Amino acid sequence: MKSLLSFFLTIYEVTLFIAVCIIFYPIALLIYLFTAPFDKRRTLLHKFSCLWGSMYIWFQPFWKVTWEGRENIKEDQAYVLVSNHQSLLDIIVLYGLFKHFKWVSKSSLLKVPFVGWNMALNDYIIIKRSDAKSQIEMMNKSHRMLKEGNSVMIFAEGTRSNDGSLGTFKRGAFIMAEKADAPVIPIALDNMYKAVKKKSLWIRKTTDMKVKVFPPLYPKDFKNTKEMAAKVQEIIGTQLDEWRSTEK
């Protein structure tokens, strides 16, 4: 019975994904064409993208997202937003922040029809993981985006977890924050891996995905980026442990 439910959920979500893409991408393109001359940061287009991403959560009857701490992200401040990474769902869930930011995203996503095209319109920050030159360009563009008032969203582990466990945080996000003197906001995610596992599009029923946005941390309060990375990892890891202890 569970496998049959997963089959129908997967068919439903894939159909929804395609339908929403076909409807929303032309609107995104029009927003870009009409606003690009005066909206250099793509603020309106990103808000529309937040709506686009959130549609997949709102129209999935078995998915619920519990939010906490969204008020910690102020509109007049640029942050480095640092999250753990469990699933492809993390991306569409984090659009539900409805806050302005630029994704740091792997280049392969640009090849996804509609979604990749919209990423290009939004001027998100693209990286080829195995390319040292691309990594330098990513850091330079992130610095410029922060100085222009855009927050930057990055998955600190660099890859998705297989089972929801927390991996080691890479230092790139924290070097970025230190260089731009930008505060870092830790964001903890959980239960996304139960809905869509790594290297799979198979949808599983889950009732409650959780997101907690923590108050900002400031680079000047840490000796170095290694210490700051360890602190953010500790904050997120402690929150995951707390959530899971209450679920038992």
# chains A, B, ... in the order shown; residues from 1 in each chain; ligands from 1

call {"tool": "select_by_dssp", "arguments": {"residues": "stretch 15-245 of chain A", "states": "helix (DSSP H, G or I)", "output": "ChimeraX atom specification"}}
result
/A:15-35,43-58,70-72,89-95,107-111,115-121,132-147,172-180,192-195,219-221,225-245

call {"tool": "residues_around", "arguments": {"residues": "stretch 149-155 of chain A", "least_positions_apart": "3", "cutoff": "7 Å", "atoms": "only C-alpha atoms", "output": "ChimeraX atom specification"}}
result
/A:77-85,100-104,142,145-146,158,173

call {"tool": "write_last_selection", "arguments": {"atoms": "C-alpha atoms", "output": "compact mmCIF listing (two decimals), in the first residue's frame"}}
result
# COMPACT_ATOMS: atom_id res chain seq x y z
CA GLN A 77 20.54 43.72 5.59
CA ALA A 78 22.55 41.38 3.36
CA TYR A 79 23.42 38.03 4.97
CA VAL A 80 25.19 34.81 4.15
CA LEU A 81 22.38 32.31 4.73
CA VAL A 82 23.86 28.92 5.65
CA SER A 83 21.74 25.78 5.66
CA ASN A 84 22.23 22.04 5.96
CA HIS A 85 21.24 20.00 2.89
CA HIS A 100 15.56 38.30 -1.07
CA PHE A 101 18.66 36.20 -1.74
CA LYS A 102 20.84 34.74 -4.47
CA TRP A 103 21.35 31.00 -4.58
CA VAL A 104 24.82 29.51 -4.87
CA SER A 142 29.14 36.39 -4.04
CA MET A 145 26.25 40.48 -4.56
CA LEU A 146 26.63 40.99 -0.81
CA GLY A 158 28.24 21.12 -0.39
CA ALA A 173 30.48 30.42 3.09

call {"tool": "select_by_dssp", "arguments": {"residues": "stretch 56-186 of chain A", "states": "strand (DSSP E or B)", "output": "list in words"}}
result
Val65, Thr66, Trp67, Glu68, Val80, Leu81, Val82, Ser83, Phe101, Lys102, Trp103, Val104, Ser105, Lys106, Ile125, Ile126, Ile127, Ser151, Val152, Met153, Ile154, Phe155, Val184, Ile185 and Pro186 of chain A

call {"tool": "closest_atom_pairs", "arguments": {"of": "stretch 60-145 of chain A", "to": "stretch 25-39 of chain A", "cutoff": "9 Å", "atoms": "only C-alpha atoms", "output": "Markdown table"}}
result
| residue | atom | partner | partner_atom | distance |
| --- | --- | --- | --- | --- |
| A:Phe114 | CA | A:Tyr25 | CA | 6.0 |
| A:Val115 | CA | A:Tyr25 | CA | 8.0 |
| A:Trp117 | CA | A:Tyr25 | CA | 8.3 |
| A:Asn118 | CA | A:Tyr25 | CA | 6.9 |
| A:Leu121 | CA | A:Tyr32 | CA | 6.7 |
| A:Asn122 | CA | A:Tyr32 | CA | 8.1 |

call {"tool": "residues_around", "arguments": {"residues": "A:Met55", "least_positions_apart": "3", "cutoff": "12 Å", "atoms": "only C-alpha atoms", "output": "ChimeraX atom specification"}}
result
/A:13,16-21,23-24,48-52,58-61,63,92-93,95-96

call {"tool": "atom_distance", "arguments": {"atom1": "atom CA of A:Glu71", "atom2": "atom CA of A:Lys210"}}
result
15.8 Å

call {"tool": "closest_residue", "arguments": {"among": "A:Leu240, A:Val232, A:Ile203, A:Leu89", "to": "A:Phe7", "atoms": "only C-alpha atoms"}}
result
A:Ile203

call {"tool": "residues_around", "arguments": {"residues": "A:Thr225", "least_positions_apart": "4", "cutoff": "9 Å", "atoms": "only C-alpha atoms", "output": "JSON, numbers by chain"}}
result
{"A": [171, 172, 173, 174, 175, 177, 178, 219, 229, 230]}

call {"tool": "residues_around", "arguments": {"residues": "stretch 185-191 of chain A", "least_positions_apart": "5", "cutoff": "10 Å", "atoms": "only C-alpha atoms", "output": "ChimeraX atom specification"}}
result
/A:65,67-70,72-73,79-87,89-90,93-94,153,155-156,163-165,196,206-218,231-240,243-244

call {"tool": "decode", "arguments": {"residues": "stretch 210-228 of chain A", "atoms": "N, CA and C atoms", "output": "PDB file, in the first residue's frame"}}
result
ATOM      1  N   LYS A 210      10.591  20.656   8.847  1.00  0.00           N
ATOM      2  CA  LYS A 210      10.848  21.738   9.794  1.00  0.00           C
ATOM      3  C   LYS A 210      11.959  22.658   9.295  1.00  0.00           C
ATOM      4  N   VAL A 211      11.777  23.950   9.545  1.00  0.00           N
ATOM      5  CA  VAL A 211      12.797  24.953   9.236  1.00  0.00           C
ATOM      6  C   VAL A 211      12.904  25.904  10.417  1.00  0.00           C
ATOM      7  N   LYS A 212      14.139  26.130  10.870  1.00  0.00           N
ATOM      8  CA  LYS A 212      14.356  27.135  11.917  1.00  0.00           C
ATOM      9  C   LYS A 212      15.461  28.080  11.470  1.00  0.00           C
ATOM     10  N   VAL A 213      15.147  29.372  11.498  1.00  0.00           N
ATOM     11  CA  VAL A 213      16.095  30.429  11.142  1.00  0.00           C
ATOM     12  C   VAL A 213      16.621  31.042  12.430  1.00  0.00           C
ATOM     13  N   PHE A 214      17.935  31.025  12.603  1.00  0.00           N
ATOM     14  CA  PHE A 214      18.548  31.510  13.840  1.00  0.00           C
ATOM     15  C   PHE A 214      18.978  32.980  13.707  1.00  0.00           C
ATOM     16  N   PRO A 215      19.188  33.650  14.824  1.00  0.00           N
ATOM     17  CA  PRO A 215      19.703  35.030  14.780  1.00  0.00           C
ATOM     18  C   PRO A 215      21.090  35.069  14.138  1.00  0.00           C
ATOM     19  N   PRO A 216      21.478  36.218  13.599  1.00  0.00           N
ATOM     20  CA  PRO A 216      22.762  36.321  12.896  1.00  0.00           C
ATOM     21  C   PRO A 216      23.977  36.206  13.805  1.00  0.00           C
ATOM     22  N   LEU A 217      25.037  35.674  13.230  1.00  0.00           N
ATOM     23  CA  LEU A 217      26.355  35.643  13.864  1.00  0.00           C
ATOM     24  C   LEU A 217      27.274  36.554  13.060  1.00  0.00           C
ATOM     25  N   TYR A 218      28.245  37.177  13.730  1.00  0.00           N
ATOM     26  CA  TYR A 218      29.084  38.172  13.070  1.00  0.00           C
ATOM     27  C   TYR A 218      30.544  37.705  13.017  1.00  0.00           C
ATOM     28  N   PRO A 219      31.159  37.806  11.842  1.00  0.00           N
ATOM     29  CA  PRO A 219      32.548  37.341  11.686  1.00  0.00           C
ATOM     30  C   PRO A 219      33.506  37.927  12.721  1.00  0.00           C
ATOM     31  N   LYS A 220      33.288  39.174  13.126  1.00  0.00           N
ATOM     32  CA  LYS A 220      34.208  39.841  14.069  1.00  0.00           C
ATOM     33  C   LYS A 220      34.206  39.172  15.447  1.00  0.00           C
ATOM     34  N   ASP A 221      33.174  38.352  15.716  1.00  0.00           N
ATOM     35  CA  ASP A 221      33.071  37.705  17.018  1.00  0.00           C
ATOM     36  C   ASP A 221      33.802  36.360  17.077  1.00  0.00           C
ATOM     37  N   PHE A 222      34.477  36.003  15.988  1.00  0.00           N
ATOM     38  CA  PHE A 222      35.173  34.724  15.927  1.00  0.00           C
ATOM     39  C   PHE A 222      36.639  34.939  15.569  1.00  0.00           C
ATOM     40  N   LYS A 223      37.483  34.041  16.046  1.00  0.00           N
ATOM     41  CA  LYS A 223      38.917  34.150  15.767  1.00  0.00           C
ATOM     42  C   LYS A 223      39.211  33.977  14.288  1.00  0.00           C
ATOM     43  N   ASN A 224      38.500  33.039  13.659  1.00  0.00           N
ATOM     44  CA  ASN A 224      38.751  32.731  12.251  1.00  0.00           C
ATOM     45  C   ASN A 224      37.527  32.036  11.660  1.00  0.00           C
ATOM     46  N   THR A 225      37.578  31.768  10.368  1.00  0.00           N
ATOM     47  CA  THR A 225      36.432  31.161   9.684  1.00  0.00           C
ATOM     48  C   THR A 225      36.216  29.714  10.106  1.00  0.00           C
ATOM     49  N   LYS A 226      37.280  29.036  10.493  1.00  0.00           N
ATOM     50  CA  LYS A 226      37.141  27.652  10.962  1.00  0.00           C
ATOM     51  C   LYS A 226      36.295  27.594  12.227  1.00  0.00           C
ATOM     52  N   GLU A 227      36.549  28.526  13.145  1.00  0.00           N
ATOM     53  CA  GLU A 227      35.780  28.576  14.385  1.00  0.00           C
ATOM     54  C   GLU A 227      34.324  28.918  14.105  1.00  0.00           C
ATOM     55  N   MET A 228      34.105  29.824  13.171  1.00  0.00           N
ATOM     56  CA  MET A 228      32.738  30.219  12.838  1.00  0.00           C
ATOM     57  C   MET A 228      31.976  29.068  12.181  1.00  0.00           C
TER      58      MET A 228
END
